[in-house]
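Accompanying notes for the structure given below.
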Amino acid sequence: MTRAPLQTDVAGDLDAFVRHVAVLRERFLCNHNADLSVLRTIIRDSWRRCRMLAVDASLNLARFAVPNDLQLHWLREQNASLLDAARPVIVQLKATLGSAGYVVAVSDAEGTLLDVTGDSACQRRLARKGLLPGSNWSEASAGTNAIGVALATKQVVQLVGAEHYCAGWQDVTCTAAPVFHPDDGRLIGVIDITGDYRLASPLLTGIVAAAAADVQRRYRLEQVRKPVRSRFVHGWSPSRSHAVAVDHRCDRIERLALAVRMVSTVSDPTQTPLVIAGQMGWLLDAAGVALVEDAPAAALAPYFWAKPGSDGERALAALRAVACDPTILAWGRRPEPFVDFAPLHSGAIQAIGGALAGFPLHTGGGVVLVLRLPAMPWSHSDQHAGATLAAHGAAMLRHARLYANLQAYAAQTEVLNQLAWLLSTLLDPMCHIEAIVRHILRLTRLDGGLIALKDADRLAVHSTAAPAIDEAQIATLVETVTAIDRPLWLCRQHAASPELHLLPWTDYCDVVALPLNLTAPGAGALIVGSRAHRPISGDDLNVLMMMARQLGLTLSNARLRRAASETEALRQADRLKSAFLASVSHDLRSPLTAIRASVDDLLERHCAVSASDHCALLWNIARETARLSHFVDQLLDLSRIEAGALPLDCEWVEIDALIHDVAASFRQRFAGCALEMLISSALPLAYLDPTLIAQVVWNLLENACKYGPAEGPVTVEVCATPTHLIISVSDRGPGIPLAERQRIFDRFYRLERDRRSQRGGSGLGLAICHGIVTAHQGRIWVDERPGGGSIFRVALPLHTAEPGALDGEGGHV
C-alpha cells in the first residue's frame, strides 16, 4: 500500500504514548505535586510556566492578537523581509510534504501567525481551532504548543497530542523551529508544521530545522537586496551590476545548497525521485525534468516534473517521447554530464526548440534529463551544479531504498509480533478464530478472509463478513494447498492460471491460500483476498506464510490442550460421579436403614410394643422419611437449576421479617445452635422469591452449625448498599482453604478434609445456593472471618421500580 510522504504508521505505540501523557496531564491539572519525571524536561517546564501564567487548560480556540485585516496587513508589512525569505522555503516544504495532511505556518517574534498554508483539508480543520493569520500562539495565550515553546526556549521542538497544555490541541502534532536574525542573533520568528498527531515523524524535526536555517540565510539576502543609501557623495549613485553578479553567484550556490538539503530530507523511495526531479528543475531553471532509473526495458517507469504553464506541458510531452530512448539510457552510464549531444536534439526536442542535458545517476544507475525552454546554453556552472545534485540524488535514492527495506522488515516483524501477541493472549484460540481472522485482515489491509479446518470428513469454515462461499470449493482448495505445501496465489487478471477455478469468491480479484501445518489427521488453510487487484510480492507471500505457520502451530497446540482438557474433564467427571455415588449411597442408606429398623421392630414385636415405643418408632420413621424426601428434593432442585428450569415466584418482601422467620424455624429444629442476629434497620423492600431465598439462608445456617464449634454462635448479618442487599452468615469453624473457595459451589464437591474424615454430606447445598442466587442475578462467595472461621456472603440486586410495578413478572432461570 502506497503511503503519503513522511507519514509514519505509529498506531500502536503512539496511541499508548498519547493516552499515558493524557493521564499525566489530568493529574497535573488536579494536583500541583504530580510526578512528571517521565515527561521530557522541555514539556514539563512549559506546563509549569502555563500554570504560573494561569492559562486556561480547557481552551479550544486560539485568541487573536490582530482584530482586523488592516492591522494584519500592517503587521505583515513590519515583517516583510521575514515573509519574503520564508515564501520560497514554504513552497519547497509544500512540494516535499505533498498531501500528507500538514500545514506550514510562519509567526513573528511574539507568536502571532503571519501566514498559514498547506493541505486544504487539514487547513480547514485546523482553522476551527484558530490556526489562522492573526492568532497568537505564545505560551501565555495558547499554552504549551510548538510555536510557544520554540519562542520560550529558542529550540527546535515537536509536541505530540496530549503534550499540549490546552484541550483544543490534543489531536495534533506540532513541530516548530525558531528563526534568528543573521547578524545580531535576535529571534525574529518561528516556522511551524502542524498535522494530525498520528502523522508524527522524527524526520519533521530535521526538516523544520533546515527550513528555519534556510529562512535565516534568505533573510540575509533580502537585507542585501534592499536599496543601498547614498554615502553623501554629491552626484554619485552606486551601480547595481556588481551587486547583481554577486547576487547571481550567491543565488546559484544557495539554490544548490537548498536543493541538496531538500533531497536529503526525503526518505520515501517513491517520493525521492520526484523531489530530485523537482529540485533539479528549480535549480537549473528548466521547463521539465525526467528521472529514469536503470532497469530492464519492460520495467522502466520514469518520474517527470514540469513547471506550470504551456512550456511545462510541451516539455513534459517531449520528455515522455525520449525518456526511454536506448541511446540516452546508454549515455546515462557515462561518468560525466552530456550536453549538445546530436541525438538529443532530434525529433520531439528539436520540434519545440529546447535544450536538453543529461546527468548520470552513478550510484544506482540511470539518468536525469533536464529540458530548457527556450533553448539556453549549458554553462560550466550549470553542468557542475546539475552533476553535483545528480550525484547526491543517486546516493539519496540508494539510502531511501535501504531505509524502505529496513522499514519493510521492521513492519513485517511488527506484524508478526502483533499476531504472536494476540495468539498468546487467547486462552483457547479455537474459540476466537473469527477474531484472529479480523486481526490478520487489519494487519495485512486485505478485504476478506477465512480459516478453513478440515478434520476427517468434516469441514469447519470460520470467516468474517464475507460473501457466500461454496464449502465444496473451499474443501478442494484446502486439499490443494495442503498437498503442495506452499502458498497459492489466484488472480483473475491471469486468466491462463490453471487453478483459477478454485477462486472461492466471485467478486474478489486476488486470493491467497496458505496451508496451516496442523497435526495429523487435520488439515487447514488460511485464505485471504482483495476485491481490487493488488500485486503480491515475494516478501508479502513470505510474511503471509510465516503468519500461517504461526497460526497453524498455535491451533495445533490449542487442539492438543483441548484434548488434554477434555481428558482431564472426563477424569474429573468420573471422580465426581464416584464421589456422588458414594455420597448418595450413604445419604440414602442411612435414612432407609433407620426406617427399615423401625419397621422391622414394629413387625417383630407387634402387639408387645408399648404405646410410647410405638409412638417413638413412628416418629423415627417420619423423621427419616422427611430427611430422605429433603435429599431427593435437593437432587430435583439441582437438576432444575442445571436445566435452566428453576421457577422464580418473586414478590416484594420485607427481608428482615423473612430472616427472622427462617431463624425462628432453625432454632426449633437445631435448639443447640446459638444464633446472633445483626440486622440493619430500615432495610428496603426486596423483589425476590421468598421460598428460595429462605432455602439459601437455611442451607447456609445448616452448614455453619454443622462445621462450627458447639459453643460458638453463628452470626447472621443483613445490610444494604445503594445497589445491593447483603446477607452474611459467619461461623467460627476451621475455615475453608483459599484454593477450594471457588470449587465448594460445584455440585457434589466436598472439602478434602471432610472426605478424609468421612464426615457426612452430599455436596449439594452450596451448589443449590449458588444456582438460586444466580437466578436472582446475584452473587455468592466466601471470605475468611477475622479470628477464624468463614463468612458466606450473598449479594442480591435491589430493584428501583416501585412495589407493584414488577408484580407478576416471575420467570425461570
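Each chain of the C-alpha cells is named A, B, ... in the order shown, its residues numbered from 1; ligands are numbered from 1 in display order.
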
Any idea what's packed within 10 Å of A:Leu419, counting only C-alpha atoms, ignoring anything in its chain fewer than 3 positions away? Could you give it as a compact mmCIF listing (two decimals) with N, CA, C and O atoms, in the first residue's frame?
# COMPACT_ATOMS: atom_id res chain seq x y z
N THR A 413 8.20 -7.53 10.87
CA THR A 413 8.45 -8.03 12.22
C THR A 413 7.36 -7.58 13.17
O THR A 413 6.89 -8.35 14.02
N GLU A 414 6.91 -6.31 13.02
CA GLU A 414 5.86 -5.80 13.89
C GLU A 414 4.55 -6.55 13.65
O GLU A 414 3.82 -6.87 14.59
N VAL A 415 4.24 -6.84 12.38
CA VAL A 415 3.03 -7.59 12.07
C VAL A 415 3.06 -8.97 12.73
O VAL A 415 2.10 -9.40 13.36
N LEU A 416 4.19 -9.65 12.58
CA LEU A 416 4.31 -10.98 13.18
C LEU A 416 4.26 -10.91 14.70
O LEU A 416 3.66 -11.77 15.36
N LEU A 422 -1.34 -11.45 20.02
CA LEU A 422 -2.76 -11.80 20.08
C LEU A 422 -2.94 -13.28 20.38
O LEU A 422 -3.74 -13.67 21.25
N LEU A 423 -2.20 -14.13 19.67
CA LEU A 423 -2.35 -15.57 19.87
C LEU A 423 -1.95 -15.98 21.27
O LEU A 423 -2.51 -16.92 21.84
N SER A 424 -0.96 -15.28 21.85
CA SER A 424 -0.51 -15.65 23.19
C SER A 424 -1.49 -15.23 24.27
O SER A 424 -1.48 -15.78 25.37
N ILE A 436 -9.30 -13.77 15.20
CA ILE A 436 -7.96 -13.90 14.63
C ILE A 436 -7.99 -13.50 13.16
O ILE A 436 -7.09 -12.79 12.67
N HIS A 439 -8.14 -9.77 12.87
CA HIS A 439 -6.85 -9.17 13.21
C HIS A 439 -5.86 -9.32 12.05
O HIS A 439 -5.13 -8.37 11.73
N ILE A 440 -5.85 -10.47 11.40
CA ILE A 440 -4.96 -10.68 10.25
C ILE A 440 -5.34 -9.73 9.11
O ILE A 440 -4.46 -9.14 8.46
N LEU A 443 -4.07 -6.28 9.90
CA LEU A 443 -2.62 -6.16 9.75
C LEU A 443 -2.21 -6.15 8.28
O LEU A 443 -1.27 -5.46 7.90
N MET A 547 2.91 -15.98 8.94
CA MET A 547 1.70 -15.84 9.76
C MET A 547 0.91 -17.15 9.77
O MET A 547 0.39 -17.56 10.82
N GLN A 550 2.69 -19.63 12.01
CA GLN A 550 2.48 -19.26 13.41
C GLN A 550 1.07 -19.64 13.85
O GLN A 550 0.87 -20.19 14.95
N LEU A 551 0.10 -19.35 13.00
CA LEU A 551 -1.28 -19.67 13.32
C LEU A 551 -1.49 -21.18 13.39
O LEU A 551 -2.18 -21.69 14.28

Do a neighbour search on A:Cys30 at 12 Å with only C-alpha atoms, toss out local chain neighbours closer than 5 positions, and write the hits as a PyMOL selection string.
-> chain A and resi 23-25+35+51+57

Extract, using only C-alpha atoms, all DNA, RNA and protein residues at most 12 Å from A:His73, discarding same-chain residues fewer than 6 positions from it, and format them as a PyMOL selection string.
-> chain A and resi 66-67+79-80+113-115+133-134

I need the chosen residues saved as a PDB file, in the first residue's frame, with N, CA, C and O atoms.
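Writing done, so here's part-v4.pdb:
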ATOM      1  N   VAL A  66      -4.587  40.241  16.474  1.00  0.00           N
ATOM      2  CA  VAL A  66      -4.837  41.272  15.471  1.00  0.00           C
ATOM      3  C   VAL A  66      -6.329  41.251  15.161  1.00  0.00           C
ATOM      4  O   VAL A  66      -6.834  40.280  14.583  1.00  0.00           O
ATOM      5  N   PRO A  67      -7.073  42.272  15.512  1.00  0.00           N
ATOM      6  CA  PRO A  67      -8.529  42.213  15.404  1.00  0.00           C
ATOM      7  C   PRO A  67      -9.081  42.419  14.004  1.00  0.00           C
ATOM      8  O   PRO A  67     -10.213  42.046  13.739  1.00  0.00           O
ATOM      9  N   ASN A  79       6.956  42.760   8.975  1.00  0.00           N
ATOM     10  CA  ASN A  79       7.753  41.529   8.871  1.00  0.00           C
ATOM     11  C   ASN A  79       7.904  41.100   7.409  1.00  0.00           C
ATOM     12  O   ASN A  79       7.972  39.909   7.102  1.00  0.00           O
ATOM     13  N   ALA A  80       7.964  42.054   6.507  1.00  0.00           N
ATOM     14  CA  ALA A  80       8.019  41.747   5.080  1.00  0.00           C
ATOM     15  C   ALA A  80       9.262  40.946   4.721  1.00  0.00           C
ATOM     16  O   ALA A  80       9.213  40.009   3.915  1.00  0.00           O
ATOM     17  N   LEU A 113       0.619  34.608  14.139  1.00  0.00           N
ATOM     18  CA  LEU A 113       0.785  33.983  12.829  1.00  0.00           C
ATOM     19  C   LEU A 113       0.670  35.025  11.731  1.00  0.00           C
ATOM     20  O   LEU A 113      -0.261  35.837  11.698  1.00  0.00           O
ATOM     21  N   LEU A 114       1.643  34.973  10.789  1.00  0.00           N
ATOM     22  CA  LEU A 114       1.660  35.866   9.640  1.00  0.00           C
ATOM     23  C   LEU A 114       1.108  35.187   8.395  1.00  0.00           C
ATOM     24  O   LEU A 114       0.511  35.841   7.542  1.00  0.00           O
ATOM     25  N   ASP A 115       1.326  33.874   8.265  1.00  0.00           N
ATOM     26  CA  ASP A 115       0.885  33.159   7.080  1.00  0.00           C
ATOM     27  C   ASP A 115       0.663  31.697   7.456  1.00  0.00           C
ATOM     28  O   ASP A 115       1.407  31.132   8.263  1.00  0.00           O
ATOM     29  N   PRO A 133      -4.064  33.312  10.244  1.00  0.00           N
ATOM     30  CA  PRO A 133      -3.248  34.530  10.369  1.00  0.00           C
ATOM     31  C   PRO A 133      -3.888  35.503  11.341  1.00  0.00           C
ATOM     32  O   PRO A 133      -5.091  35.752  11.305  1.00  0.00           O
ATOM     33  N   GLY A 134      -3.062  36.052  12.233  1.00  0.00           N
ATOM     34  CA  GLY A 134      -3.548  36.974  13.243  1.00  0.00           C
ATOM     35  C   GLY A 134      -3.734  36.356  14.604  1.00  0.00           C
ATOM     36  O   GLY A 134      -3.822  37.077  15.598  1.00  0.00           O
TER      37      GLY A 134
END

When DSSP works through the backbone of this structure, what residues of stretch 431-550 of chain A end up as strand (DSSP E), shown as a CSV table (one decimal) with all heavy atoms, in the first residue's frame?
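That gives us selection10.csv:
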chain,number,residue,atom,x,y,z
A,448,GLY,N,-11.1,-9.5,2.8
A,448,GLY,CA,-11.8,-10.6,3.4
A,448,GLY,C,-10.9,-11.8,3.6
A,448,GLY,O,-9.8,-11.9,3.0
A,449,GLY,N,-11.4,-12.7,4.4
A,449,GLY,CA,-10.6,-13.9,4.7
A,449,GLY,C,-11.3,-14.9,5.5
A,449,GLY,O,-12.4,-14.6,6.0
A,450,LEU,N,-10.8,-16.1,5.6
A,450,LEU,CA,-11.4,-17.1,6.3
A,450,LEU,C,-10.3,-18.1,6.7
A,450,LEU,O,-9.2,-18.2,6.1
A,450,LEU,CB,-12.5,-17.8,5.6
A,450,LEU,CG,-12.2,-18.5,4.2
A,450,LEU,CD1,-11.7,-19.9,4.4
A,450,LEU,CD2,-13.4,-18.5,3.3
A,451,ILE,N,-10.6,-18.9,7.7
A,451,ILE,CA,-9.8,-20.0,8.1
A,451,ILE,C,-10.6,-21.3,8.0
A,451,ILE,O,-11.7,-21.4,8.6
A,451,ILE,CB,-9.3,-19.9,9.6
A,451,ILE,CG1,-8.3,-18.7,9.6
A,451,ILE,CG2,-8.6,-21.2,10.0
A,451,ILE,CD1,-7.8,-18.4,11.0
A,452,ALA,N,-10.2,-22.2,7.2
A,452,ALA,CA,-10.9,-23.5,7.0
A,452,ALA,C,-10.1,-24.6,7.7
A,452,ALA,O,-8.9,-24.8,7.4
A,452,ALA,CB,-11.1,-23.8,5.5
A,453,LEU,N,-10.8,-25.4,8.5
A,453,LEU,CA,-10.2,-26.5,9.2
A,453,LEU,C,-11.0,-27.8,8.8
A,453,LEU,O,-12.2,-27.9,8.9
A,453,LEU,CB,-10.3,-26.3,10.7
A,453,LEU,CG,-9.7,-25.0,11.3
A,453,LEU,CD1,-9.9,-24.9,12.8
A,453,LEU,CD2,-8.2,-25.0,11.0
A,454,LYS,N,-10.2,-28.7,8.3
A,454,LYS,CA,-10.8,-30.0,7.8
A,454,LYS,C,-10.3,-31.1,8.7
A,454,LYS,O,-9.1,-31.3,8.9
A,454,LYS,CB,-10.4,-30.2,6.4
A,454,LYS,CG,-11.2,-31.3,5.6
A,454,LYS,CD,-10.8,-31.3,4.2
A,454,LYS,CE,-11.7,-32.3,3.4
A,454,LYS,NZ,-11.5,-33.7,3.8
A,455,ASP,N,-11.3,-31.8,9.3
A,455,ASP,CA,-10.9,-32.9,10.2
A,455,ASP,C,-11.8,-34.1,9.8
A,455,ASP,O,-13.0,-34.1,9.9
A,455,ASP,CB,-11.2,-32.5,11.6
A,455,ASP,CG,-10.6,-33.5,12.6
A,455,ASP,OD1,-10.0,-34.4,12.2
A,455,ASP,OD2,-10.7,-33.2,13.8
A,458,ARG,N,-15.3,-33.7,8.1
A,458,ARG,CA,-16.0,-32.5,8.5
A,458,ARG,C,-15.1,-31.3,8.2
A,458,ARG,O,-13.9,-31.3,8.4
A,458,ARG,CB,-16.3,-32.6,10.0
A,458,ARG,CG,-17.2,-31.4,10.5
A,458,ARG,CD,-17.5,-31.6,11.9
A,458,ARG,NE,-16.3,-31.6,12.8
A,458,ARG,CZ,-15.8,-30.5,13.3
A,458,ARG,NH1,-16.5,-29.3,13.1
A,458,ARG,NH2,-14.8,-30.5,14.0
A,459,LEU,N,-15.8,-30.3,7.6
A,459,LEU,CA,-15.1,-29.0,7.2
A,459,LEU,C,-15.7,-27.9,8.0
A,459,LEU,O,-16.9,-27.7,8.0
A,459,LEU,CB,-15.2,-28.7,5.7
A,459,LEU,CG,-14.6,-27.4,5.3
A,459,LEU,CD1,-13.1,-27.4,5.3
A,459,LEU,CD2,-15.1,-27.0,3.9
A,460,ALA,N,-14.9,-27.2,8.8
A,460,ALA,CA,-15.4,-26.0,9.6
A,460,ALA,C,-14.8,-24.8,8.9
A,460,ALA,O,-13.5,-24.6,8.8
A,460,ALA,CB,-14.9,-26.1,11.0
A,461,VAL,N,-15.6,-23.8,8.5
A,461,VAL,CA,-15.2,-22.6,7.9
A,461,VAL,C,-15.5,-21.4,8.9
A,461,VAL,O,-16.6,-21.2,9.2
A,461,VAL,CB,-15.9,-22.4,6.5
A,461,VAL,CG1,-15.4,-21.0,5.9
A,461,VAL,CG2,-15.6,-23.5,5.6
A,462,HIS,N,-14.4,-20.7,9.2
A,462,HIS,CA,-14.6,-19.5,10.1
A,462,HIS,C,-14.2,-18.3,9.3
A,462,HIS,O,-13.0,-18.1,8.9
A,462,HIS,CB,-13.7,-19.6,11.3
A,462,HIS,CG,-13.8,-20.9,12.1
A,462,HIS,ND1,-14.7,-21.1,13.1
A,462,HIS,CD2,-13.2,-22.2,11.9
A,462,HIS,CE1,-14.6,-22.3,13.6
A,462,HIS,NE2,-13.7,-23.0,12.9
A,463,SER,N,-15.2,-17.4,9.0
A,463,SER,CA,-14.9,-16.3,8.2
A,463,SER,C,-15.5,-15.0,8.8
A,463,SER,O,-16.3,-15.0,9.7
A,463,SER,CB,-15.6,-16.5,6.8
A,463,SER,OG,-17.0,-16.6,6.9
A,488,LEU,N,-0.7,-20.5,-2.5
A,488,LEU,CA,-1.3,-20.5,-3.8
A,488,LEU,C,-1.9,-19.1,-4.1
A,488,LEU,O,-2.9,-18.7,-3.3
A,488,LEU,CB,-2.3,-21.6,-3.9
A,488,LEU,CG,-3.0,-21.8,-5.3
A,488,LEU,CD1,-1.9,-22.2,-6.4
A,488,LEU,CD2,-4.0,-22.9,-5.2
A,489,TRP,N,-1.4,-18.4,-5.1
A,489,TRP,CA,-2.0,-17.0,-5.4
A,489,TRP,C,-2.8,-17.2,-6.6
A,489,TRP,O,-2.4,-17.6,-7.7
A,489,TRP,CB,-0.8,-16.1,-5.6
A,489,TRP,CG,-1.3,-14.7,-6.0
A,489,TRP,CD1,-2.5,-14.1,-5.8
A,489,TRP,CD2,-0.5,-13.7,-6.8
A,489,TRP,NE1,-2.5,-12.9,-6.3
A,489,TRP,CE2,-1.3,-12.6,-6.9
A,489,TRP,CE3,0.8,-13.7,-7.3
A,489,TRP,CZ2,-0.8,-11.4,-7.6
A,489,TRP,CZ3,1.3,-12.6,-7.9
A,489,TRP,CH2,0.4,-11.5,-8.1
A,490,LEU,N,-4.1,-16.8,-6.5
A,490,LEU,CA,-5.1,-16.9,-7.5
A,490,LEU,C,-5.5,-15.4,-7.9
A,490,LEU,O,-5.9,-14.7,-7.0
A,490,LEU,CB,-6.3,-17.6,-7.1
A,490,LEU,CG,-6.1,-19.1,-6.6
A,490,LEU,CD1,-7.4,-19.7,-6.1
A,490,LEU,CD2,-5.5,-19.9,-7.6
A,491,CYS,N,-5.4,-15.1,-9.2
A,491,CYS,CA,-5.7,-13.7,-9.7
A,491,CYS,C,-6.5,-13.8,-10.9
A,491,CYS,O,-6.1,-14.5,-11.9
A,491,CYS,CB,-4.4,-13.0,-9.9
A,491,CYS,SG,-4.6,-11.3,-10.5
A,510,ASP,N,-8.0,-10.9,-6.2
A,510,ASP,CA,-6.8,-11.6,-5.8
A,510,ASP,C,-7.1,-12.4,-4.5
A,510,ASP,O,-7.7,-11.9,-3.6
A,510,ASP,CB,-5.7,-10.7,-5.5
A,510,ASP,CG,-5.1,-10.0,-6.8
A,510,ASP,OD1,-4.3,-10.6,-7.5
A,510,ASP,OD2,-5.6,-8.9,-7.1
A,511,VAL,N,-6.7,-13.7,-4.5
A,511,VAL,CA,-6.9,-14.6,-3.3
A,511,VAL,C,-5.7,-15.3,-3.1
A,511,VAL,O,-5.1,-15.8,-4.1
A,511,VAL,CB,-8.1,-15.5,-3.5
A,511,VAL,CG1,-8.2,-16.5,-2.4
A,511,VAL,CG2,-9.4,-14.8,-3.6
A,512,VAL,N,-5.2,-15.4,-1.9
A,512,VAL,CA,-4.0,-16.2,-1.5
A,512,VAL,C,-4.5,-17.2,-0.5
A,512,VAL,O,-5.1,-16.9,0.5
A,512,VAL,CB,-2.9,-15.3,-0.9
A,512,VAL,CG1,-1.7,-16.1,-0.5
A,512,VAL,CG2,-2.5,-14.2,-1.9
A,513,ALA,N,-4.2,-18.5,-0.8
A,513,ALA,CA,-4.5,-19.6,0.1
A,513,ALA,C,-3.1,-20.1,0.7
A,513,ALA,O,-2.2,-20.4,-0.1
A,513,ALA,CB,-5.2,-20.7,-0.6
A,514,LEU,N,-3.1,-20.3,2.0
A,514,LEU,CA,-1.8,-20.7,2.6
A,514,LEU,C,-2.1,-21.9,3.5
A,514,LEU,O,-3.1,-21.9,4.3
A,514,LEU,CB,-1.2,-19.6,3.5
A,514,LEU,CG,-1.0,-18.3,2.7
A,514,LEU,CD1,-2.0,-17.2,3.2
A,514,LEU,CD2,0.4,-17.8,2.9
A,515,PRO,N,-1.3,-22.9,3.4
A,515,PRO,CA,-1.5,-24.1,4.3
A,515,PRO,C,-1.2,-23.9,5.7
A,515,PRO,O,-0.3,-23.2,6.1
A,515,PRO,CB,-0.6,-25.2,3.7
A,515,PRO,CG,0.5,-24.4,3.1
A,515,PRO,CD,-0.1,-23.1,2.6
A,516,LEU,N,-2.0,-24.4,6.6
A,516,LEU,CA,-1.8,-24.4,8.0
A,516,LEU,C,-1.2,-25.8,8.4
A,516,LEU,O,-1.8,-26.8,8.2
A,516,LEU,CB,-3.1,-24.2,8.8
A,516,LEU,CG,-3.8,-22.8,8.5
A,516,LEU,CD1,-5.1,-22.8,9.3
A,516,LEU,CD2,-2.9,-21.6,8.9
A,523,ALA,N,-6.3,-30.9,8.6
A,523,ALA,CA,-5.7,-30.1,7.6
A,523,ALA,C,-6.4,-28.8,7.7
A,523,ALA,O,-7.6,-28.7,8.2
A,523,ALA,CB,-5.8,-30.7,6.2
A,524,GLY,N,-5.8,-27.7,7.2
A,524,GLY,CA,-6.4,-26.4,7.2
A,524,GLY,C,-5.7,-25.4,6.3
A,524,GLY,O,-4.6,-25.7,5.8
A,525,ALA,N,-6.4,-24.3,6.1
A,525,ALA,CA,-5.8,-23.3,5.2
A,525,ALA,C,-6.3,-21.9,5.7
A,525,ALA,O,-7.4,-21.7,6.2
A,525,ALA,CB,-6.2,-23.5,3.8
A,526,LEU,N,-5.4,-20.9,5.6
A,526,LEU,CA,-5.7,-19.5,5.8
A,526,LEU,C,-5.9,-18.9,4.4
A,526,LEU,O,-5.0,-19.0,3.5
A,526,LEU,CB,-4.6,-18.8,6.5
A,526,LEU,CG,-4.7,-17.3,6.5
A,526,LEU,CD1,-5.9,-16.8,7.3
A,526,LEU,CD2,-3.4,-16.6,7.1
A,527,ILE,N,-7.1,-18.4,4.1
A,527,ILE,CA,-7.4,-17.8,2.8
A,527,ILE,C,-7.8,-16.4,2.9
A,527,ILE,O,-8.7,-16.0,3.7
A,527,ILE,CB,-8.6,-18.6,2.1
A,527,ILE,CG1,-8.3,-20.1,2.1
A,527,ILE,CG2,-8.9,-18.1,0.8
A,527,ILE,CD1,-9.4,-21.0,1.6
A,528,VAL,N,-7.1,-15.5,2.3
A,528,VAL,CA,-7.3,-14.0,2.4
A,528,VAL,C,-7.4,-13.5,0.9
A,528,VAL,O,-6.8,-14.1,0.0
A,528,VAL,CB,-6.2,-13.3,3.1
A,528,VAL,CG1,-6.3,-13.7,4.6
A,528,VAL,CG2,-4.8,-13.6,2.6
A,529,GLY,N,-8.1,-12.4,0.8
A,529,GLY,CA,-8.2,-11.9,-0.6
A,529,GLY,C,-8.5,-10.4,-0.6
A,529,GLY,O,-8.8,-9.7,0.4
A,530,SER,N,-8.4,-9.8,-1.8
A,530,SER,CA,-8.7,-8.4,-2.1
A,530,SER,C,-9.6,-8.3,-3.3
A,530,SER,O,-9.5,-9.0,-4.3
A,530,SER,CB,-7.3,-7.7,-2.4
A,530,SER,OG,-7.6,-6.4,-2.8

Name the residues of stretch 290-505 of chain A that fall into alpha helix (DSSP H) according to DSSP on the backbone, using the chain letters and numbers of this document, as a PyMOL selection string.
-> chain A and resi 310-322+326-331+348-352+380-425+433-444+471-484
